[in-house]
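Notes follow the structure.
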There are 2 protein chains.
Amino acid sequence: RLVVPPGQGTRDHPPALAALRDRLLRAVVSCFKRHGAAPIDTPVLELRETLMGKYGEDTKLIYELQDQGGELLALRYDLTVPFARYLAMNKITNMKRYHVAKVYRRDNPAMTRGRYREFYQCDFDIAGQFDPMIPDAECLKIVHEILSDLQLGDFVIKVNDRRILNGVFDVCGVPESKFIAACSTVDKLDKVPWEEVRSEMVGEKGLSPEAADRIGEYVQLHGGLDLIEQLLQDPKLSQNKLAKEGLGDMKLLFEYLTLFGITGKISFDLSLARGLDYYTGVIFEAVLLQQENEHVEELVGVGSVAGGGRYDGLVGMFDPKGRKVPCVGVSIGIERIFSILEQRLKASGEKLRTTETQVLVATPQKHLLAARLKLISELWDAGIKAEMLYRKDPKLLKQLQYCEDTGIPLAAIVGEQELADGVVKLRDVSTREEVRM
Amino acid sequence: RLVVPPGQGTRDHPPALAALRDRLLRAVVSCFKRHGAAPIDTPVLELRETLMGKYGEDTKLIYELQDQGGELLALRYDLTVPFARYLAMNKITNMKRYHVAKVYRRDNPAMTRGRYREFYQCDFDIAGQFDPMIPDAECLKIVHEILSDLQLGDFVIKVNDRRILNGVFDVCGVPESKFIAACSTVDKLDKVPWEEVRSEMVGEKGLSPEAADRIGEYVQLHGGLDLIEQLLQDPKLSQNKLAKEGLGDMKLLFEYLTLFGITGKISFDLSLARGLDYYTGVIFEAVLLQQENEHVEELVGVGSVAGGGRYDGLVGMFDPKGRKVPCVGVSIGIERIFSILEQRLKASGEKLRTTETQVLVATPQKHLLAARLKLISELWDAGIKAEMLYRKDPKLLKQLQYCEDTGIPLAAIVGEQELADGVVKLRDVSTREEVRM
């Protein structure tokens with residue numbers, strides 16, 4: 001007989017947290033629905049081969065199931081690869097879907113910062129061949145809406161394009177074979193200073209010091225439409241086909257975001273690279289900005305709360321003929337947002353109700369269990385959220401105390417007198433006012 | 001490049017089914033909330049040792065994760081054992097909770113009958129030391145409410161008590177060491193005739209033919225309050241302590257169910273045994289009755305759509321000092337209900353809307369993308385569910401066609417005239433009526 005906690009990097013959600021998370025997920029889903037997305041669900045268990053070779057270095061973080069006979073299975077690592085597998089399998093070339101579900105990573109958990117081995121992802125994706133940047137702009141609008149709705153404080157959404165980054169690498173003299181390596185090194189710029197990134201480029205990744213320095217000049221730039229214009233005039237970048245395409249689309253994106261009225265929170269940031277291999281165009285990531293009056297230490301390291309981008313090649317990897325379906329999508333980092341809300345709730349001392357019970361059915365004397373059972377049954381059948389104590393003869397004080405402890409606003413009291421008169425006494429628990437009805 | 005389906009016994013839910021399931025889960029959860037339950041969530045990954053030794057023969061159906069370093073993990077098999085682990089770990093002695101989540105079983109899938117390897121369970125449980133049969137009666141009321149709400153057709157809820165069964169085995173001369181074996185054999189009576197069950201008892205399970213015959217006389221009985229009274233007068237059973245306790249409580253249960261007005265659907269059925277080891281008192285199972293005008297073949301084998309019972313010893317298995325927390329709970333067999341609703345939907349030819357979009361923002365001329373983006377952004381910010389086609393210059397007909405295909409009731413049209421007048425033309429897609437506003 002042992003008290004056995006759940007596995008490392010996972011945790012139980014007691015009612016207060018489960019209720020808080022339900023509320024958070026409902027807010028996110030309601031935004032996805034507002035944008036016309038349809039729900040889908042895919043299994044937590046995928047064939048191992050479906051997941052292999054999609055996540056670069058992070059493939060080692062995939063949870064594999066034991067071979068117990070039958071197929072070799074693994075737990076899904078994200079919702080994007082299963083979505084691409086779903087599209088290819090069903091030959092769907094056009095779809096706007098959302099998916100809210102748990103994913104699994106054998107990562108080093110940092111639970112106080114909202115990093116778990118089992119966690120929810122909330123994904124919205126648009127698949128299909130459309131005119132440039134219209135779906136991409138909607139993804140950014142969604143991030144803006146959700147982060148504004150949740151009142152998490154000030155935030156910025158960094159935007160870049162893999163084609164611009166690759167163009168930069170190209171004009172800086174990086175061979176194409178080292179683009180991905182350079183990309184994953186640049187991605188660390190939000191955590192470490194340029195000098196460290198530079199030395200990793202030159203040391204580990206084997207770039208020339210000159211190339212690294214030239215890259216440094218670009219990737220430390222960030223701004224808005226002005227920066228896009230400036231780079232479109234850049235003597236080297238403007239000669240590079242990929243960069244020019246990416247910059248042209250970035251300009252279009254800013255035009256659409258201006259119409260959406262959200263450019264105030266958008267930063268075109270050349271240091272944004274994103275880890276995953278599968279991005280092919282626009283990439284973006286939302287970060288919360290430090291709040292002066294908030295618990296600064298706790299917020300440090302929360303980092304990115306949403307991210308996504310365009311992945312035009314992933315579906316083709318699952319199609320026998322390699323047919324591509326262009327896709328762009330966004331994933332809301334619900335666990336990190338949740339850990340912020342959880343800390344706030346703790347700090348505020350506010351007690352969240354964990355049930356929605358409207359009325360407690362109570363009796364003031366003994367031998368009235370039958371009356372309570374009859375009345376509560378009528379209430380339930382009428383769709384009213386009702387509870388009673390599971391005792392034959394509970395004291396009235398204990399029943400009213402239960403209302404106060406759990407936040408039930410009303411008590412429906414049936415005593416001998418009420419039974420004789422054929423009425424019920426409805427008591428407002430906080431004001432103690434009573435009405436016979 | 002291969003098209004890789006998800007694992008055997010699992011399946012994707014496309015939008016129409018995901019939307020149907022969401023609706024079903026919402027109905028179940030709303031009943032659980034009506035009864036004052038609070039949500040909790042536990043991880044899908046549990047330590048293997050938590051799950052071992054709780055499910056009798058079915059332990060072999062547990063999915064184990066590969067040893068990749070760290071703890072030995074498994075996927076949860078149900079929501080009851082994790083709930084008991086949660087109560088013991090947090091020393092909770094009193095709780096009413098619901099939990100809706102996926103569980104995993106390496107079973108032989110029978111997908112057309114709603115049997116999967118990955119499936120949702122919807123559980124409601126009441127933990128705590130209370131007066132007899134009050135929480136138990138509420139669990140049955142919940143099953144009754146849910147099955148009535150969902151309009152699945154006629155059903156019956158079979159009720160029995162493990163103590164009565166054990167009393168029967170005892171007075172029929174079965175040694176205590178063979179109670180569990182006898183129990184799991186009796187459990188097959190809903191699928192095979194008594195003769196087969198009898199021969200398994202005598203053959204495989206090693207009971208004497210006389211004992212089997214005596215058991216047969218009891219377990220083929222079913223009825224209501226009259227049967228309880230009859231058995232309370234039974235010369236042998238009335239002398240057996242366990243049976244007497246069980247029958248006394250069963251009488252009390254029927255009293256409470258009468259107050260709830262639901263005895264019409266309840267059958268006290270001595271053949272009900274339920275497979276799992278951990279039940280200690282009342283057990284129950286709801287089955288749908290054959291519908292005359294329904295697809296008989298398809299319904300055959302759907303069987304049990306809800307089940308549960310009392311398990312007073314399970315929490316103690318996780319407590320270092322073996323402290324018991326009495327529990328009673330119910331699990332709604334959502335996947336079986338879902339497969340019935342799915343077949344009905346298919347048969348009716350009805351097309352379920354998969355999105356909730358209220359309005360499509362459309363333009364009748366070219367070069368009006370900016371106007372569409374501006375208008376849709378205002379609609380989203382006002383909380384209105386709106387979509388637009390991701391094309392710069394879509395044809396009006398195509399836009400209206402999209403409304404018809406996806407069931408969007410309104411189109412908000414901005415043309416050059418409307419822009420000049422500062423209005424929007426709102427068109428009812430089905431009646432073609434238009435209002436300028």
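How things are named: the first chain in the structure tokens is A, the next is B, and so on; residues count from 1 in each chain; ligands count from 1 in the order shown.
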Residues of chain B within 6 Å of chain A: nearest atom pair and distance (Å, one decimal) for each, counting only C-alpha atoms, sorted by chain and number, as a Markdown table?
```
| residue | atom | partner | partner_atom | distance |
| --- | --- | --- | --- | --- |
| B:Arg1 | CA | A:Pro320 | CA | 5.3 |
| B:Leu2 | CA | A:Pro320 | CA | 5.3 |
| B:Val3 | CA | A:Phe318 | CA | 5.3 |
| B:Pro6 | CA | A:Glu46 | CA | 5.3 |
| B:Gly7 | CA | A:Glu46 | CA | 5.8 |
| B:Asp12 | CA | A:Thr42 | CA | 4.4 |
| B:His13 | CA | A:Asp41 | CA | 4.8 |
| B:Pro14 | CA | A:Ile40 | CA | 5.1 |
| B:Pro15 | CA | A:Ile40 | CA | 4.9 |
| B:Ala18 | CA | A:Ile40 | CA | 5.4 |
| B:Arg34 | CA | A:Lys385 | CA | 3.9 |
| B:His35 | CA | A:Ala386 | CA | 5.8 |
| B:Gly36 | CA | A:Thr357 | CA | 5.2 |
| B:Ala38 | CA | A:Thr355 | CA | 5.1 |
| B:Pro39 | CA | A:Pro15 | CA | 5.2 |
| B:Ile40 | CA | A:Pro15 | CA | 4.9 |
| B:Asp41 | CA | A:His13 | CA | 4.8 |
| B:Thr42 | CA | A:Asp12 | CA | 4.4 |
| B:Glu46 | CA | A:Pro6 | CA | 5.3 |
| B:Leu47 | CA | A:Gly7 | CA | 5.9 |
| B:Glu64 | CA | A:Gln66 | CA | 5.7 |
| B:Leu65 | CA | A:Leu65 | CA | 4.1 |
| B:Gln66 | CA | A:Gln66 | CA | 4.2 |
| B:Met89 | CA | A:Val3 | CA | 5.7 |
| B:Phe130 | CA | A:Tyr390 | CA | 5.7 |
| B:Asp131 | CA | A:Arg391 | CA | 5.2 |
| B:Ile134 | CA | A:Tyr390 | CA | 5.7 |
| B:Leu259 | CA | A:Lys374 | CA | 5.4 |
| B:Phe260 | CA | A:Ser377 | CA | 5.5 |
| B:Met317 | CA | A:Arg1 | CA | 5.6 |
| B:Phe318 | CA | A:Val3 | CA | 5.3 |
| B:Asp319 | CA | A:Val3 | CA | 5.8 |
| B:Pro320 | CA | A:Leu2 | CA | 5.3 |
| B:Thr354 | CA | A:Ala38 | CA | 5.4 |
| B:Thr355 | CA | A:Ala38 | CA | 5.1 |
| B:Thr357 | CA | A:Gly36 | CA | 5.2 |
| B:Lys374 | CA | A:Leu259 | CA | 5.4 |
| B:Ser377 | CA | A:Phe260 | CA | 5.6 |
| B:Lys385 | CA | A:Arg34 | CA | 3.9 |
| B:Ala386 | CA | A:His35 | CA | 5.8 |
| B:Glu387 | CA | A:Gly36 | CA | 5.8 |
| B:Tyr390 | CA | A:Phe130 | CA | 5.7 |
| B:Arg391 | CA | A:Asp131 | CA | 5.1 |
```
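Those residues of segment 157-280 of chain B that DSSP, working from the backbone, places in strand (DSSP E or B) are Ile157, Lys158, Val159, Asn160, Asp161, His222, Gly223, Ile266, Ser267, Phe268 and Asp269 of chain B.
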Output the selection as an mmCIF file, in the first residue's frame - N, CA, C and O atoms for each residue.
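Final output, selection.cif:
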```cif
data_model
loop_
_atom_site.group_PDB
_atom_site.id
_atom_site.type_symbol
_atom_site.label_atom_id
_atom_site.label_comp_id
_atom_site.auth_asym_id
_atom_site.auth_seq_id
_atom_site.Cartn_x
_atom_site.Cartn_y
_atom_site.Cartn_z
ATOM 1 N N ILE B 157 -32.573 -0.214 -16.198
ATOM 2 C CA ILE B 157 -31.369 -0.176 -15.369
ATOM 3 C C ILE B 157 -31.416 -1.373 -14.426
ATOM 4 O O ILE B 157 -32.278 -1.452 -13.552
ATOM 5 N N LYS B 158 -30.515 -2.322 -14.654
ATOM 6 C CA LYS B 158 -30.443 -3.491 -13.782
ATOM 7 C C LYS B 158 -29.645 -3.135 -12.522
ATOM 8 O O LYS B 158 -28.614 -2.468 -12.616
ATOM 9 N N VAL B 159 -30.140 -3.610 -11.394
ATOM 10 C CA VAL B 159 -29.457 -3.327 -10.131
ATOM 11 C C VAL B 159 -29.241 -4.628 -9.388
ATOM 12 O O VAL B 159 -30.093 -5.522 -9.417
ATOM 13 N N ASN B 160 -28.105 -4.760 -8.727
ATOM 14 C CA ASN B 160 -27.836 -5.893 -7.851
ATOM 15 C C ASN B 160 -26.874 -5.416 -6.772
ATOM 16 O O ASN B 160 -26.553 -4.224 -6.720
ATOM 17 N N ASP B 161 -26.434 -6.347 -5.936
ATOM 18 C CA ASP B 161 -25.501 -5.974 -4.881
ATOM 19 C C ASP B 161 -24.502 -7.112 -4.730
ATOM 20 O O ASP B 161 -24.913 -8.279 -4.671
ATOM 21 N N HIS B 222 -35.457 -11.971 -11.439
ATOM 22 C CA HIS B 222 -35.399 -10.516 -11.495
ATOM 23 C C HIS B 222 -36.787 -9.948 -11.258
ATOM 24 O O HIS B 222 -37.796 -10.608 -11.525
ATOM 25 N N GLY B 223 -36.840 -8.752 -10.683
ATOM 26 C CA GLY B 223 -38.127 -8.168 -10.352
ATOM 27 C C GLY B 223 -37.958 -6.839 -9.651
ATOM 28 O O GLY B 223 -36.992 -6.123 -9.947
ATOM 29 N N ILE B 266 -36.324 0.406 -13.362
ATOM 30 C CA ILE B 266 -35.313 -0.291 -12.565
ATOM 31 C C ILE B 266 -35.694 -1.750 -12.423
ATOM 32 O O ILE B 266 -36.856 -2.073 -12.142
ATOM 33 N N SER B 267 -34.735 -2.638 -12.615
ATOM 34 C CA SER B 267 -34.978 -4.066 -12.417
ATOM 35 C C SER B 267 -33.920 -4.629 -11.466
ATOM 36 O O SER B 267 -32.726 -4.560 -11.735
ATOM 37 N N PHE B 268 -34.388 -5.167 -10.343
ATOM 38 C CA PHE B 268 -33.486 -5.878 -9.431
ATOM 39 C C PHE B 268 -33.196 -7.220 -10.076
ATOM 40 O O PHE B 268 -34.093 -8.042 -10.241
ATOM 41 N N ASP B 269 -31.966 -7.425 -10.506
ATOM 42 C CA ASP B 269 -31.629 -8.552 -11.376
ATOM 43 C C ASP B 269 -30.452 -9.320 -10.791
ATOM 44 O O ASP B 269 -29.322 -8.832 -10.787
#
```
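The environment of Gly313 of chain A within 9 Å, counting only C-alpha atoms and disregarding residues fewer than 5 places along the same chain, consists of A:Tyr278, A:Tyr279, A:Thr280, A:Gly322, A:Arg323, A:Lys324, A:Val325, A:Pro326, A:Cys327.
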Using only N, CA, C and O atoms, please write the residues we just selected to a file, as a PDB file, in the first residue's frame.
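Wrote it out as out-v8.pdb, contents follow:
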```pdb
ATOM      1  N   TYR A 278       9.460  22.200 -39.920  1.00  0.00           N
ATOM      2  CA  TYR A 278       8.488  22.157 -41.013  1.00  0.00           C
ATOM      3  C   TYR A 278       7.993  23.508 -41.515  1.00  0.00           C
ATOM      4  O   TYR A 278       7.242  23.563 -42.488  1.00  0.00           O
ATOM      5  N   TYR A 279       8.393  24.608 -40.876  1.00  0.00           N
ATOM      6  CA  TYR A 279       7.909  25.909 -41.352  1.00  0.00           C
ATOM      7  C   TYR A 279       8.532  26.292 -42.692  1.00  0.00           C
ATOM      8  O   TYR A 279       9.710  26.035 -42.931  1.00  0.00           O
ATOM      9  N   THR A 280       7.728  26.922 -43.535  1.00  0.00           N
ATOM     10  CA  THR A 280       8.223  27.268 -44.863  1.00  0.00           C
ATOM     11  C   THR A 280       8.023  28.743 -45.209  1.00  0.00           C
ATOM     12  O   THR A 280       8.551  29.210 -46.224  1.00  0.00           O
ATOM     13  N   GLY A 322       3.047  12.869 -52.932  1.00  0.00           N
ATOM     14  CA  GLY A 322       3.694  14.096 -52.481  1.00  0.00           C
ATOM     15  C   GLY A 322       2.902  15.364 -52.752  1.00  0.00           C
ATOM     16  O   GLY A 322       3.446  16.458 -52.723  1.00  0.00           O
ATOM     17  N   ARG A 323       1.598  15.213 -53.036  1.00  0.00           N
ATOM     18  CA  ARG A 323       0.773  16.399 -53.283  1.00  0.00           C
ATOM     19  C   ARG A 323       0.767  17.311 -52.069  1.00  0.00           C
ATOM     20  O   ARG A 323       0.489  16.879 -50.950  1.00  0.00           O
ATOM     21  N   LYS A 324       1.053  18.575 -52.311  1.00  0.00           N
ATOM     22  CA  LYS A 324       1.152  19.511 -51.200  1.00  0.00           C
ATOM     23  C   LYS A 324      -0.178  20.182 -50.916  1.00  0.00           C
ATOM     24  O   LYS A 324      -0.963  20.453 -51.815  1.00  0.00           O
ATOM     25  N   VAL A 325      -0.448  20.455 -49.640  1.00  0.00           N
ATOM     26  CA  VAL A 325      -1.573  21.293 -49.241  1.00  0.00           C
ATOM     27  C   VAL A 325      -0.984  22.406 -48.371  1.00  0.00           C
ATOM     28  O   VAL A 325      -0.486  22.131 -47.288  1.00  0.00           O
ATOM     29  N   PRO A 326      -1.014  23.646 -48.864  1.00  0.00           N
ATOM     30  CA  PRO A 326      -0.451  24.739 -48.066  1.00  0.00           C
ATOM     31  C   PRO A 326      -1.250  24.916 -46.773  1.00  0.00           C
ATOM     32  O   PRO A 326      -2.477  24.818 -46.793  1.00  0.00           O
ATOM     33  N   CYS A 327      -0.553  25.157 -45.677  1.00  0.00           N
ATOM     34  CA  CYS A 327      -1.222  25.319 -44.386  1.00  0.00           C
ATOM     35  C   CYS A 327      -0.574  26.448 -43.593  1.00  0.00           C
ATOM     36  O   CYS A 327       0.632  26.679 -43.692  1.00  0.00           O
TER      37      CYS A 327
END
```
Fill in: Nearest-residue call for Leu232 of chain B, choices B:Ala273, B:Leu396, B:Ile283, B:Met250, using only C-alpha atoms
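Looking only at the distances to Leu232 of chain B, the closest residue turns out to be B:Met250.
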